[in-house]
>>> print(open('coords39.cif').read())   # mmCIF, C-alpha atoms
data_run
#
loop_
_atom_site.label_atom_id
_atom_site.label_comp_id
_atom_site.auth_asym_id
_atom_site.auth_seq_id
_atom_site.Cartn_x
_atom_site.Cartn_y
_atom_site.Cartn_z
CA MET L 263 141.49 189.36 226.81
CA ASP L 264 145.29 189.36 226.38
CA LEU L 265 145.78 191.15 223.09
CA ASP L 266 149.46 190.13 222.93
CA HIS L 267 148.62 186.43 222.72
CA TRP L 268 145.46 184.59 221.70
CA SER L 269 144.52 181.08 222.74
CA PRO L 270 141.78 178.99 221.15
CA SER L 271 138.62 178.07 223.02
CA LEU L 272 136.06 175.36 222.49
CA ASN L 273 134.14 175.40 219.21
CA MET L 274 131.54 173.23 217.52
CA ASP L 275 134.05 171.40 215.33
CA LEU L 276 135.70 169.52 218.21
CA GLU L 277 135.34 165.81 218.55
CA MET L 278 133.40 164.41 221.50
CA PRO L 279 135.21 164.74 224.84
CA HIS L 280 137.32 161.74 225.80
CA GLN L 281 140.06 160.83 228.22
CA SER L 282 143.18 162.20 226.57
CA VAL L 283 146.67 160.93 227.35
CA ALA L 284 149.62 162.75 225.79
CA LEU L 285 153.18 161.61 225.23
CA ILE L 286 155.38 164.64 224.57
CA VAL L 287 158.66 163.50 223.05
CA GLY L 288 161.14 166.29 223.67
CA VAL L 289 159.42 167.85 226.68
CA THR L 290 162.42 169.83 227.96
CA GLY L 291 162.82 171.88 224.78
CA MET L 292 161.14 175.26 224.30
CA THR L 293 158.03 173.89 222.62
CA GLY L 294 157.79 170.76 224.75
CA LEU L 295 157.79 172.82 227.94
CA ALA L 296 155.14 175.20 226.60
CA LEU L 297 153.05 172.28 225.37
CA ALA L 298 153.07 170.52 228.74
CA GLU L 299 152.03 173.76 230.43
CA ALA L 300 149.23 174.33 227.90
CA LEU L 301 147.89 170.77 228.18
CA LYS L 302 147.64 171.07 231.95
CA LYS L 303 145.50 174.21 231.83
CA PRO L 304 141.86 173.61 232.83
CA THR L 305 140.81 175.23 229.55
CA ALA L 306 142.97 172.97 227.33
CA LEU L 307 141.07 171.68 224.30
CA GLY L 308 140.30 167.97 224.53
CA GLY L 309 141.08 167.93 228.26
CA PRO L 310 141.53 167.04 230.96
CA TRP L 311 144.88 165.62 229.80
CA LYS L 312 147.18 163.14 231.43
CA VAL L 313 150.67 164.12 230.32
CA TYR L 314 153.73 161.92 229.98
CA GLY L 315 156.81 164.00 229.23
CA SER L 316 159.92 162.36 227.85
CA ALA L 317 163.50 163.35 227.11
CA ARG L 318 166.96 161.82 226.76
CA ARG L 319 168.27 163.37 229.98
CA PRO L 320 167.01 163.85 233.55
CA LYS L 321 164.88 166.88 234.37
CA PRO L 322 166.77 170.17 234.49
CA SER L 323 166.44 172.13 237.73
CA TRP L 324 164.17 174.70 236.07
CA PHE L 325 161.61 172.14 234.88
CA PRO L 326 158.34 172.34 236.90
CA SER L 327 157.30 168.87 238.05
CA SER L 328 153.63 169.87 238.20
CA ILE L 329 153.20 170.02 234.41
CA THR L 330 153.71 166.30 233.77
CA ASP L 331 152.10 163.29 235.39
CA ASP L 332 155.27 161.33 234.79
CA TYR L 333 158.68 162.03 233.28
CA ILE L 334 160.26 159.27 231.18
CA ILE L 335 163.95 159.21 230.32
CA PHE L 336 164.73 157.18 227.21
CA ASP L 337 166.86 157.15 224.08
CA ALA L 338 164.58 157.07 221.06
CA THR L 339 167.50 156.15 218.78
CA SER L 340 167.55 152.76 220.53
CA PHE L 341 164.59 150.50 219.79
CA ASP L 342 165.37 148.35 222.84
CA ASP L 343 165.42 151.34 225.18
CA THR L 344 162.24 152.69 223.60
CA VAL L 345 160.48 149.38 224.23
CA ALA L 346 161.76 149.18 227.81
CA LYS L 347 160.70 152.71 228.78
CA ILE L 348 157.61 153.36 226.66
CA ASP L 349 155.94 149.93 226.56
CA PRO L 350 154.73 150.13 230.22
CA VAL L 351 152.54 153.14 229.35
CA ALA L 352 151.97 152.43 225.65
CA SER L 353 148.38 151.23 226.03
CA GLU L 354 147.38 154.54 227.68
CA ILE L 355 148.71 156.95 225.05
CA THR L 356 146.10 158.56 222.81
CA HIS L 357 148.21 161.40 221.33
CA VAL L 358 151.90 161.77 220.52
CA PHE L 359 153.32 165.29 220.34
CA TRP L 360 156.60 164.89 218.47
CA ILE L 361 158.90 167.81 219.32
CA ALA L 362 162.17 165.87 219.41
CA ILE L 363 165.10 166.64 217.15
CA GLN L 364 168.69 165.50 216.94
CA VAL L 365 171.19 167.49 214.89
CA ARG L 366 174.11 165.57 213.41
CA GLU L 367 177.05 166.35 211.14
CA SER L 368 175.13 166.34 207.84
CA GLU L 369 171.55 166.44 206.59
CA GLU L 370 171.84 162.82 205.46
CA ALA L 371 172.75 161.88 209.04
CA ASN L 372 169.85 163.99 210.32
CA VAL L 373 167.51 162.02 208.07
CA ARG L 374 168.70 158.69 209.43
CA VAL L 375 168.63 159.49 213.14
CA ASN L 376 165.38 161.47 213.25
CA GLN L 377 163.52 158.97 211.10
CA ALA L 378 164.73 156.11 213.28
CA MET L 379 163.62 157.85 216.48
CA LEU L 380 160.09 158.54 215.28
CA ALA L 381 159.75 155.06 213.78
CA ASN L 382 160.85 153.43 217.04
CA VAL L 383 158.29 155.29 219.13
CA LEU L 384 155.41 154.75 216.72
CA ASP L 385 156.27 151.05 216.31
CA VAL L 386 156.18 150.51 220.08
CA LEU L 387 152.93 152.41 220.54
CA LYS L 388 151.15 150.80 217.60
CA SER L 389 152.22 147.26 218.43
CA THR L 390 150.97 147.33 222.01
CA PRO L 391 147.78 145.32 222.61
CA ASN L 392 144.68 147.53 222.74
CA SER L 393 146.60 150.56 221.48
CA ARG L 394 144.60 153.79 221.94
CA LEU L 395 146.93 155.93 219.83
CA SER L 396 144.81 158.08 217.52
CA HIS L 397 146.83 161.15 216.51
CA VAL L 398 150.42 162.31 216.07
CA THR L 399 151.41 165.97 215.86
CA LEU L 400 154.75 166.41 214.13
CA GLN L 401 156.77 169.58 214.55
CA THR L 402 159.00 170.56 211.65
CA GLY L 403 159.88 174.00 210.30
CA THR L 404 160.51 176.35 207.42
CA GLN L 405 163.51 174.40 206.19
CA TYR L 406 160.78 172.46 204.40
CA TYR L 407 160.66 175.46 202.01
CA MET L 408 164.35 176.39 202.09
CA GLY L 409 166.29 173.15 202.10
CA PRO L 410 169.13 172.26 204.53
CA VAL L 411 170.37 175.86 204.88
CA HIS L 412 172.64 175.04 207.84
CA PHE L 413 174.64 172.52 205.78
CA ASN L 414 174.45 173.94 202.27
CA ASP L 415 174.57 177.65 201.41
CA GLN L 416 173.92 176.91 197.73
CA VAL L 417 170.32 175.75 198.13
CA ASN L 418 167.64 177.54 196.13
CA PRO L 419 164.61 178.14 198.40
CA HIS L 420 161.04 178.76 197.36
CA ASP L 421 159.96 182.35 196.90
CA PRO L 422 158.20 183.71 199.99
CA PRO L 423 155.64 183.86 201.38
CA PHE L 424 155.94 180.15 202.12
CA LEU L 425 152.73 178.19 201.48
CA GLU L 426 151.99 174.69 202.78
CA ASP L 427 151.30 173.20 199.33
CA LEU L 428 154.66 174.18 197.83
CA ALA L 429 156.55 171.28 196.26
CA ARG L 430 159.41 169.58 198.04
CA LEU L 431 162.90 170.74 197.09
CA PRO L 432 165.49 168.41 195.51
CA TYR L 433 167.78 168.29 198.55
CA PRO L 434 168.12 165.93 201.52
CA ASN L 435 165.74 167.18 204.21
CA PHE L 436 164.86 165.18 207.30
CA TYR L 437 161.43 166.82 207.51
CA TYR L 438 160.31 165.03 204.35
CA PRO L 439 160.72 161.42 205.53
CA LEU L 440 159.21 162.31 208.92
CA GLU L 441 156.08 163.61 207.20
CA ASP L 442 155.99 160.50 205.00
CA LEU L 443 156.35 158.28 208.05
CA VAL L 444 153.38 159.72 209.96
CA ALA L 445 151.30 159.76 206.76
CA SER L 446 152.07 156.07 206.19
CA HIS L 447 150.12 155.20 209.35
CA ALA L 448 146.88 156.72 208.01
CA PRO L 449 144.02 155.87 208.21
CA ALA L 450 144.82 153.87 211.36
CA LEU L 451 146.17 157.13 212.79
CA THR L 452 145.59 160.75 211.97
CA TYR L 453 148.38 163.30 212.02
CA SER L 454 149.12 166.99 211.73
CA VAL L 455 152.34 168.76 210.72
CA HIS L 456 153.39 172.04 212.31
CA ARG L 457 155.95 174.05 210.34
CA ALA L 458 157.34 176.63 212.74
CA SER L 459 159.43 179.68 211.94
CA ILE L 460 162.20 180.96 214.26
CA ILE L 461 160.96 179.63 217.59
CA ILE L 462 160.99 181.95 220.60
CA GLY L 463 160.67 180.44 224.07
CA ALA L 464 162.65 179.49 227.17
CA SER L 465 164.80 176.39 227.66
CA SER L 466 168.46 175.46 227.89
CA ARG L 467 167.72 172.17 226.11
CA SER L 468 166.78 173.24 222.55
CA ALA L 469 169.00 172.55 219.55
CA TYR L 470 168.17 175.90 217.94
CA ASN L 471 167.35 178.65 220.43
CA ALA L 472 167.82 182.02 218.72
CA LEU L 473 166.73 184.15 221.68
CA LEU L 474 169.03 182.37 224.16
CA THR L 475 171.89 182.63 221.67
CA LEU L 476 171.31 186.38 221.31
CA ALA L 477 170.94 186.76 225.08
CA VAL L 478 174.27 185.04 225.68
CA TYR L 479 175.91 187.20 222.97
CA ALA L 480 174.54 190.40 224.54
CA THR L 481 175.55 189.29 228.05
CA ILE L 482 179.12 188.57 226.94
CA CYS L 483 179.27 191.90 225.08
CA ARG L 484 178.18 193.71 228.24
CA ARG L 485 180.67 191.77 230.37
CA GLU L 486 183.59 192.41 228.00
CA GLY L 487 182.69 195.95 227.01
CA LEU L 488 182.16 194.91 223.38
CA PRO L 489 179.70 196.64 221.03
CA PHE L 490 176.50 194.63 220.50
CA LYS L 491 176.88 194.59 216.71
CA TYR L 492 174.42 192.95 214.34
CA PRO L 493 176.06 189.82 212.89
CA GLY L 494 174.11 189.87 209.61
CA THR L 495 173.73 191.76 206.38
CA ARG L 496 172.10 194.98 205.24
CA TYR L 497 169.44 192.88 203.48
CA THR L 498 168.21 191.04 206.59
CA TRP L 499 168.56 194.19 208.73
CA GLU L 500 166.07 196.02 206.51
CA HIS L 501 163.76 193.29 205.21
CA PHE L 502 160.92 191.32 206.77
CA CYS L 503 161.08 188.13 208.80
CA ASP L 504 158.71 186.23 211.09
CA MET L 505 158.96 184.17 214.26
CA THR L 506 156.94 181.71 216.35
CA ASP L 507 156.13 182.19 220.02
CA VAL L 508 155.99 178.75 221.67
CA ARG L 509 152.62 179.59 223.23
CA VAL L 510 151.09 179.93 219.77
CA LEU L 511 152.87 176.79 218.58
CA ALA L 512 151.68 174.75 221.57
CA ASP L 513 148.12 175.97 221.06
CA GLN L 514 148.23 174.96 217.40
CA HIS L 515 149.50 171.47 218.27
CA ILE L 516 146.63 170.92 220.70
CA TRP L 517 144.02 172.48 218.40
CA ALA L 518 145.01 170.20 215.51
CA ALA L 519 145.15 167.14 217.78
CA VAL L 520 141.47 167.43 218.72
CA THR L 521 139.88 169.24 215.78
CA GLY L 522 138.38 167.06 213.06
CA ARG L 523 139.00 169.24 210.03
CA ALA L 524 142.66 169.74 210.95
CA LYS L 525 143.49 166.04 210.65
CA ASN L 526 146.06 164.88 208.06
CA GLN L 527 147.06 168.45 207.25
CA ALA L 528 150.23 170.54 207.37
CA PHE L 529 150.12 174.04 208.86
CA ASN L 530 152.57 176.89 209.03
CA CYS L 531 152.82 178.36 212.50
CA THR L 532 154.01 181.92 213.08
CA ASN L 533 152.90 184.79 215.31
CA GLY L 534 150.95 186.30 212.43
CA ASP L 535 152.99 189.51 212.31
CA LEU L 536 156.30 190.52 210.72
CA PHE L 537 159.39 192.28 212.00
CA LYS L 538 162.66 193.73 210.74
CA TRP L 539 165.87 192.76 212.48
CA LYS L 540 166.73 196.41 213.04
CA SER L 541 163.59 196.66 215.19
CA VAL L 542 164.51 193.48 217.05
CA TRP L 543 168.01 194.84 217.68
CA LYS L 544 166.63 197.93 219.39
CA VAL L 545 164.40 195.79 221.61
CA LEU L 546 167.22 193.38 222.49
CA SER L 547 169.59 196.24 223.29
CA GLU L 548 167.10 197.57 225.80
CA ILE L 549 166.29 194.17 227.31
CA PHE L 550 169.93 193.25 227.91
CA GLY L 551 171.24 196.68 228.85
CA VAL L 552 173.66 197.18 225.98
CA GLY L 553 173.94 200.19 223.72
CA PHE L 554 172.11 200.07 220.41
CA VAL L 555 174.61 199.89 217.55
CA PRO L 556 173.20 200.81 214.11
CA PHE L 557 174.20 198.44 211.32
CA ASP L 558 177.41 199.37 209.54
CA GLU L 559 178.37 197.36 206.46
CA SER L 560 182.02 198.30 206.91
CA GLU L 561 182.01 196.42 210.24
CA GLU L 562 180.53 193.07 209.17
CA PHE L 563 182.03 190.21 211.19
CA ASP L 564 181.84 186.49 211.88
CA ILE L 565 179.98 185.89 215.14
CA VAL L 566 181.00 182.22 215.18
CA GLU L 567 184.65 183.29 215.15
CA LEU L 568 184.05 186.00 217.76
CA MET L 569 182.33 183.62 220.18
CA LYS L 570 184.41 180.48 219.70
CA ASP L 571 186.74 181.25 222.61
CA LYS L 572 184.16 182.81 224.95
CA GLY L 573 183.32 179.61 226.83
CA VAL L 574 185.48 180.62 229.79
CA VAL L 575 183.80 184.03 229.91
CA TRP L 576 180.38 182.36 229.99
CA ASN L 577 181.53 179.99 232.74
CA ASP L 578 182.55 183.01 234.83
CA ILE L 579 179.15 184.66 234.24
CA VAL L 580 177.34 181.46 235.27
CA GLU L 581 179.43 181.22 238.43
CA GLN L 582 179.12 184.90 239.36
CA HIS L 583 175.33 184.98 239.02
CA GLY L 584 174.59 181.51 240.38
CA LEU L 585 173.01 180.35 237.14
CA VAL L 586 172.11 176.84 236.04
CA LYS L 587 175.35 175.13 234.98
CA THR L 588 175.50 175.29 231.20
CA LYS L 589 178.21 175.24 228.56
CA LEU L 590 178.30 177.95 225.90
CA GLU L 591 178.42 175.46 223.03
CA GLU L 592 175.43 173.52 224.41
CA ILE L 593 172.98 176.42 224.73
CA THR L 594 173.86 178.54 221.69
CA CYS L 595 173.59 178.13 217.93
CA PHE L 596 175.81 180.88 216.56
CA GLY L 597 176.34 179.11 213.23
CA ALA L 598 172.61 178.70 212.60
CA LEU L 599 171.95 182.30 213.71
CA GLN L 600 174.58 183.60 211.33
CA ASN L 601 173.04 181.64 208.47
CA VAL L 602 169.58 183.12 209.17
CA LEU L 603 170.96 186.65 209.36
CA HIS L 604 172.61 186.17 205.96
CA PHE L 605 169.51 185.01 204.08
CA LYS L 606 169.06 186.65 200.68
CA PHE L 607 165.28 186.35 200.83
CA GLN L 608 162.54 187.47 203.21
CA HIS L 609 161.77 184.69 205.68
CA VAL L 610 157.96 185.00 205.65
CA CYS L 611 155.24 182.34 205.94
CA SER L 612 151.56 182.57 205.08
CA MET L 613 149.14 181.81 207.91
CA ASN L 614 146.09 181.83 205.63
CA LYS L 615 145.57 178.05 205.62
CA SER L 616 145.72 177.88 209.40
CA ARG L 617 143.10 180.62 209.70
CA GLU L 618 140.89 179.06 207.04
CA PHE L 619 140.85 175.83 209.05
CA GLY L 620 139.92 177.67 212.23
CA PHE L 621 143.11 178.44 214.15
CA PHE L 622 143.56 182.12 214.98
CA GLY L 623 146.47 182.07 217.44
CA PHE L 624 148.79 185.06 217.41
CA ALA L 625 151.41 186.88 219.45
CA ASP L 626 153.14 190.25 219.28
CA SER L 627 156.66 189.25 218.25
CA LEU L 628 158.55 192.18 219.77
CA LYS L 629 156.69 191.78 223.07
CA SER L 630 157.45 188.05 223.01
CA LEU L 631 161.16 188.84 223.15
CA GLY L 632 160.78 190.63 226.47
CA LEU L 633 158.45 188.04 227.96
CA TRP L 634 160.69 185.09 227.17
CA SER L 635 163.88 186.92 228.13
CA GLU L 636 162.37 187.50 231.56
CA LYS L 637 161.39 183.82 231.72
CA LEU L 638 165.00 182.82 230.95
CA ARG L 639 166.06 185.00 233.89
CA GLU L 640 163.46 183.43 236.20
CA MET L 641 164.76 180.00 235.21
CA LYS L 642 168.30 181.14 236.11
CA ILE L 643 169.56 180.39 232.60
CA ILE L 644 170.72 183.98 231.96
CA PRO L 645 171.53 186.78 234.44
#
>>> encode(input="coords39.cif", output="structure tokens")
Amino acid sequence: MDLDHWSPSLNMDLEMPHQSVALIVGVTGMTGLALAEALKKPTALGGPWKVYGSARRPKPSWFPSSITDDYIIFDATSFDDTVAKIDPVASEITHVFWIAIQVRESEEANVRVNQAMLANVLDVLKSTPNSRLSHVTLQTGTQYYMGPVHFNDQVNPHDPPFLEDLARLPYPNFYYPLEDLVASHAPALTYSVHRASIIIGASSRSAYNALLTLAVYATICRREGLPFKYPGTRYTWEHFCDMTDVRVLADQHIWAAVTGRAKNQAFNCTNGDLFKWKSVWKVLSEIFGVGFVPFDESEEFDIVELMKDKGVVWNDIVEQHGLVKTKLEEITCFGALQNVLHFKFQHVCSMNKSREFGFFGFADSLKSLGLWSEKLREMKIIP
């Protein structure tokens, strides 16, 4: 048994086997890719699965064709395009795995666009004759407990550890209307909500990819002879945080989709362990071949400012190493990373509810960093 990562196996609480057909909306992101791979395993709960993967853009070169039965390109913000592309397969779909996210200029704009996308897809699937749609898994995150931290640094988050039954905060938050939307379809549909922490995986198509952002930062530091300094505070350097390996997250999505007692519930999803950023920094320094630089408060800096003109440097690195063509601003989230590394609270979720309901997935967070960094190299996203 792999003690670094646990996957669920069949148990007595599963519903009767049936032909399962998945629509993964957002399949080229970190979680979507891991989810497609997990669904296609012979041991996948509820399987065998037919998998439709969908995204706004064509397949990237690193995307393995074998993990989807078909790949659908459509714009979920457009109802007409959603009808045109999804209606031909709508009567087959039994499960929607909603991983999609669009990030706009404000949280109010995020609410509008993300709610419209989910509503369009569900409307098309539910209105098709002989619809087989039975369950929707909805991926959100810990901003449920913190508020829109990437748009407003004055929000007052809940005290950690974050628990699923904590009240909603009085700020705009696009996770709230998405949860209300899936719940509004009950009892005709069941749903599950998956509140992830800092997600660790491999893709060049995720809005918030902390590991890829840190990998790019380290690579540029090595290229330019810059010190790999921690762009956060003494507090986050020394206090606890958690993260979510996409393998655990994918397993939880599938488990909830086919497990009776998990229906119409929200679950936190983390690796089940904790880390300190100073430990992560030592691991990252070793992975990316840069010297470890202990935190020094007298040298605090703005990583967004430091990286804003490094696009040309990244282009040169991509060209030199024959990497997948990417733009620095498209694959990194330096602003979001800086916000996380300046939190004034410990970013910690409770996994008790998930365990009480029967999900025991876990991963070793520090080992996950090495595994997924190597995967990014194999995919030719980083050198």
>>> resolve_selection(input="coords39.cif", expression="the PyMOL selection byres ((chain L and resi 538) around 6)", output="list in words")
Glu500, His501, Phe502, Phe537, Trp539, Lys540 and Ser541 of chain L
>>> closest_residue(input="coords39.cif", among="L:Arg366, L:Lys629, L:His604, L:His515", to="L:Val542", atoms="all atoms listed in the file")
L:Lys629
>>> residues_around(input="coords39.cif", residues="L:Thr594", least_positions_apart="2", cutoff="7 Å", atoms="all atoms listed in the file", output="number ranges by chain")
L: 471, 474-475, 590-592, 596
>>> resolve_selection(input="coords39.cif", expression="the PyMOL selection byres ((chain L and resi 633) around 12)", output="PyMOL selection string")
chain L and resi 266-267+462-464+473+507-509+545-546+549+625-632+634-640
>>> write_last_selection(input="coords39.cif", atoms="C-alpha atoms", output="short mmCIF file (atom, residue, chain, number, x, y, z; two decimals), in the frame of the given file")
data_model
loop_
_atom_site.label_atom_id
_atom_site.label_comp_id
_atom_site.auth_asym_id
_atom_site.auth_seq_id
_atom_site.Cartn_x
_atom_site.Cartn_y
_atom_site.Cartn_z
CA ASP L 266 149.46 190.13 222.93
CA HIS L 267 148.62 186.43 222.72
CA ILE L 462 160.99 181.95 220.60
CA GLY L 463 160.67 180.44 224.07
CA ALA L 464 162.65 179.49 227.17
CA LEU L 473 166.73 184.15 221.68
CA ASP L 507 156.13 182.19 220.02
CA VAL L 508 155.99 178.75 221.67
CA ARG L 509 152.62 179.59 223.23
CA VAL L 545 164.40 195.79 221.61
CA LEU L 546 167.22 193.38 222.49
CA ILE L 549 166.29 194.17 227.31
CA ALA L 625 151.41 186.88 219.45
CA ASP L 626 153.14 190.25 219.28
CA SER L 627 156.66 189.25 218.25
CA LEU L 628 158.55 192.18 219.77
CA LYS L 629 156.69 191.78 223.07
CA SER L 630 157.45 188.05 223.01
CA LEU L 631 161.16 188.84 223.15
CA GLY L 632 160.78 190.63 226.47
CA TRP L 634 160.69 185.09 227.17
CA SER L 635 163.88 186.92 228.13
CA GLU L 636 162.37 187.50 231.56
CA LYS L 637 161.39 183.82 231.72
CA LEU L 638 165.00 182.82 230.95
CA ARG L 639 166.06 185.00 233.89
CA GLU L 640 163.46 183.43 236.20
#
>>> resolve_selection(input="coords39.cif", expression="the PyMOL selection byres ((chain L and resi 642) around 12)", output="PDB file with C-alpha atoms, keeping the file's coordinate frame")
ATOM      1  CA  PRO L 322     166.770 170.170 234.490  1.00  0.00           C
ATOM      2  CA  SER L 323     166.440 172.130 237.730  1.00  0.00           C
ATOM      3  CA  TRP L 324     164.170 174.700 236.070  1.00  0.00           C
ATOM      4  CA  PHE L 325     161.610 172.140 234.880  1.00  0.00           C
ATOM      5  CA  ALA L 464     162.650 179.490 227.170  1.00  0.00           C
ATOM      6  CA  SER L 465     164.800 176.390 227.660  1.00  0.00           C
ATOM      7  CA  SER L 466     168.460 175.460 227.890  1.00  0.00           C
ATOM      8  CA  ILE L 579     179.150 184.660 234.240  1.00  0.00           C
ATOM      9  CA  VAL L 580     177.340 181.460 235.270  1.00  0.00           C
ATOM     10  CA  GLU L 581     179.430 181.220 238.430  1.00  0.00           C
ATOM     11  CA  GLN L 582     179.120 184.900 239.360  1.00  0.00           C
ATOM     12  CA  HIS L 583     175.330 184.980 239.020  1.00  0.00           C
ATOM     13  CA  GLY L 584     174.590 181.510 240.380  1.00  0.00           C
ATOM     14  CA  LEU L 585     173.010 180.350 237.140  1.00  0.00           C
ATOM     15  CA  VAL L 586     172.110 176.840 236.040  1.00  0.00           C
ATOM     16  CA  LYS L 587     175.350 175.130 234.980  1.00  0.00           C
ATOM     17  CA  THR L 588     175.500 175.290 231.200  1.00  0.00           C
ATOM     18  CA  SER L 635     163.880 186.920 228.130  1.00  0.00           C
ATOM     19  CA  GLU L 636     162.370 187.500 231.560  1.00  0.00           C
ATOM     20  CA  LYS L 637     161.390 183.820 231.720  1.00  0.00           C
ATOM     21  CA  LEU L 638     165.000 182.820 230.950  1.00  0.00           C
ATOM     22  CA  ARG L 639     166.060 185.000 233.890  1.00  0.00           C
ATOM     23  CA  GLU L 640     163.460 183.430 236.200  1.00  0.00           C
ATOM     24  CA  MET L 641     164.760 180.000 235.210  1.00  0.00           C
ATOM     25  CA  ILE L 643     169.560 180.390 232.600  1.00  0.00           C
ATOM     26  CA  ILE L 644     170.720 183.980 231.960  1.00  0.00           C
ATOM     27  CA  PRO L 645     171.530 186.780 234.440  1.00  0.00           C
TER      28      PRO L 645
END
>>> closest_residue(input="coords39.cif", among="L:Thr305, L:Asn601, L:Asn533, L:Thr290", to="L:Ile329", atoms="all atoms listed in the file")
L:Thr290
>>> decode(input="coords39.cif", residues="stretch 393-443 of chain L", atoms="C-alpha atoms", output="PDB file, in the first residue's frame")
ATOM      1  CA  SER L 393     -32.186  13.127 -18.753  1.00  0.00           C
ATOM      2  CA  ARG L 394     -30.106  10.671 -16.690  1.00  0.00           C
ATOM      3  CA  LEU L 395     -28.335  13.347 -14.651  1.00  0.00           C
ATOM      4  CA  SER L 396     -28.348  12.276 -11.004  1.00  0.00           C
ATOM      5  CA  HIS L 397     -25.473  14.022  -9.203  1.00  0.00           C
ATOM      6  CA  VAL L 398     -23.327  17.144  -9.399  1.00  0.00           C
ATOM      7  CA  THR L 399     -20.023  17.516  -7.572  1.00  0.00           C
ATOM      8  CA  LEU L 400     -19.110  21.161  -7.085  1.00  0.00           C
ATOM      9  CA  GLN L 401     -15.551  22.207  -6.336  1.00  0.00           C
ATOM     10  CA  THR L 402     -15.102  25.360  -4.289  1.00  0.00           C
ATOM     11  CA  GLY L 403     -12.505  26.214  -1.657  1.00  0.00           C
ATOM     12  CA  THR L 404     -11.539  27.761   1.640  1.00  0.00           C
ATOM     13  CA  GLN L 405     -12.507  31.259   0.545  1.00  0.00           C
ATOM     14  CA  TYR L 406     -15.901  30.059   1.758  1.00  0.00           C
ATOM     15  CA  TYR L 407     -14.483  30.625   5.275  1.00  0.00           C
ATOM     16  CA  MET L 408     -12.273  33.623   4.519  1.00  0.00           C
ATOM     17  CA  GLY L 409     -14.183  35.814   2.101  1.00  0.00           C
ATOM     18  CA  PRO L 410     -12.807  37.248  -1.180  1.00  0.00           C
ATOM     19  CA  VAL L 411      -9.223  37.571   0.107  1.00  0.00           C
ATOM     20  CA  HIS L 412      -7.782  38.251  -3.359  1.00  0.00           C
ATOM     21  CA  PHE L 413      -9.949  41.356  -3.803  1.00  0.00           C
ATOM     22  CA  ASN L 414     -10.328  42.655  -0.255  1.00  0.00           C
ATOM     23  CA  ASP L 415      -7.590  42.574   2.393  1.00  0.00           C
ATOM     24  CA  GLN L 416      -9.994  43.898   5.043  1.00  0.00           C
ATOM     25  CA  VAL L 417     -12.165  40.778   5.271  1.00  0.00           C
ATOM     26  CA  ASN L 418     -12.560  39.131   8.666  1.00  0.00           C
ATOM     27  CA  PRO L 419     -12.280  35.337   8.232  1.00  0.00           C
ATOM     28  CA  HIS L 420     -13.573  32.651  10.537  1.00  0.00           C
ATOM     29  CA  ASP L 421     -11.231  31.363  13.209  1.00  0.00           C
ATOM     30  CA  PRO L 422      -9.488  28.150  12.142  1.00  0.00           C
ATOM     31  CA  PRO L 423      -9.763  25.255  11.991  1.00  0.00           C
ATOM     32  CA  PHE L 424     -12.386  25.749   9.297  1.00  0.00           C
ATOM     33  CA  LEU L 425     -15.505  23.597   9.765  1.00  0.00           C
ATOM     34  CA  GLU L 426     -18.117  22.891   7.095  1.00  0.00           C
ATOM     35  CA  ASP L 427     -21.057  24.181   9.171  1.00  0.00           C
ATOM     36  CA  LEU L 428     -19.592  27.648   9.765  1.00  0.00           C
ATOM     37  CA  ALA L 429     -21.908  30.488   8.769  1.00  0.00           C
ATOM     38  CA  ARG L 430     -21.464  32.382   5.537  1.00  0.00           C
ATOM     39  CA  LEU L 431     -19.565  35.662   5.759  1.00  0.00           C
ATOM     40  CA  PRO L 432     -21.158  39.025   4.858  1.00  0.00           C
ATOM     41  CA  TYR L 433     -19.094  39.571   1.708  1.00  0.00           C
ATOM     42  CA  PRO L 434     -19.663  38.819  -1.983  1.00  0.00           C
ATOM     43  CA  ASN L 435     -18.415  35.278  -2.606  1.00  0.00           C
ATOM     44  CA  PHE L 436     -19.102  33.357  -5.793  1.00  0.00           C
ATOM     45  CA  TYR L 437     -18.983  30.033  -3.942  1.00  0.00           C
ATOM     46  CA  TYR L 438     -22.214  30.862  -2.106  1.00  0.00           C
ATOM     47  CA  PRO L 439     -24.533  31.226  -5.128  1.00  0.00           C
ATOM     48  CA  LEU L 440     -22.951  28.162  -6.761  1.00  0.00           C
ATOM     49  CA  GLU L 441     -23.806  26.068  -3.707  1.00  0.00           C
ATOM     50  CA  ASP L 442     -27.321  27.540  -3.669  1.00  0.00           C
ATOM     51  CA  LEU L 443     -27.725  26.743  -7.360  1.00  0.00           C
TER      52      LEU L 443
END
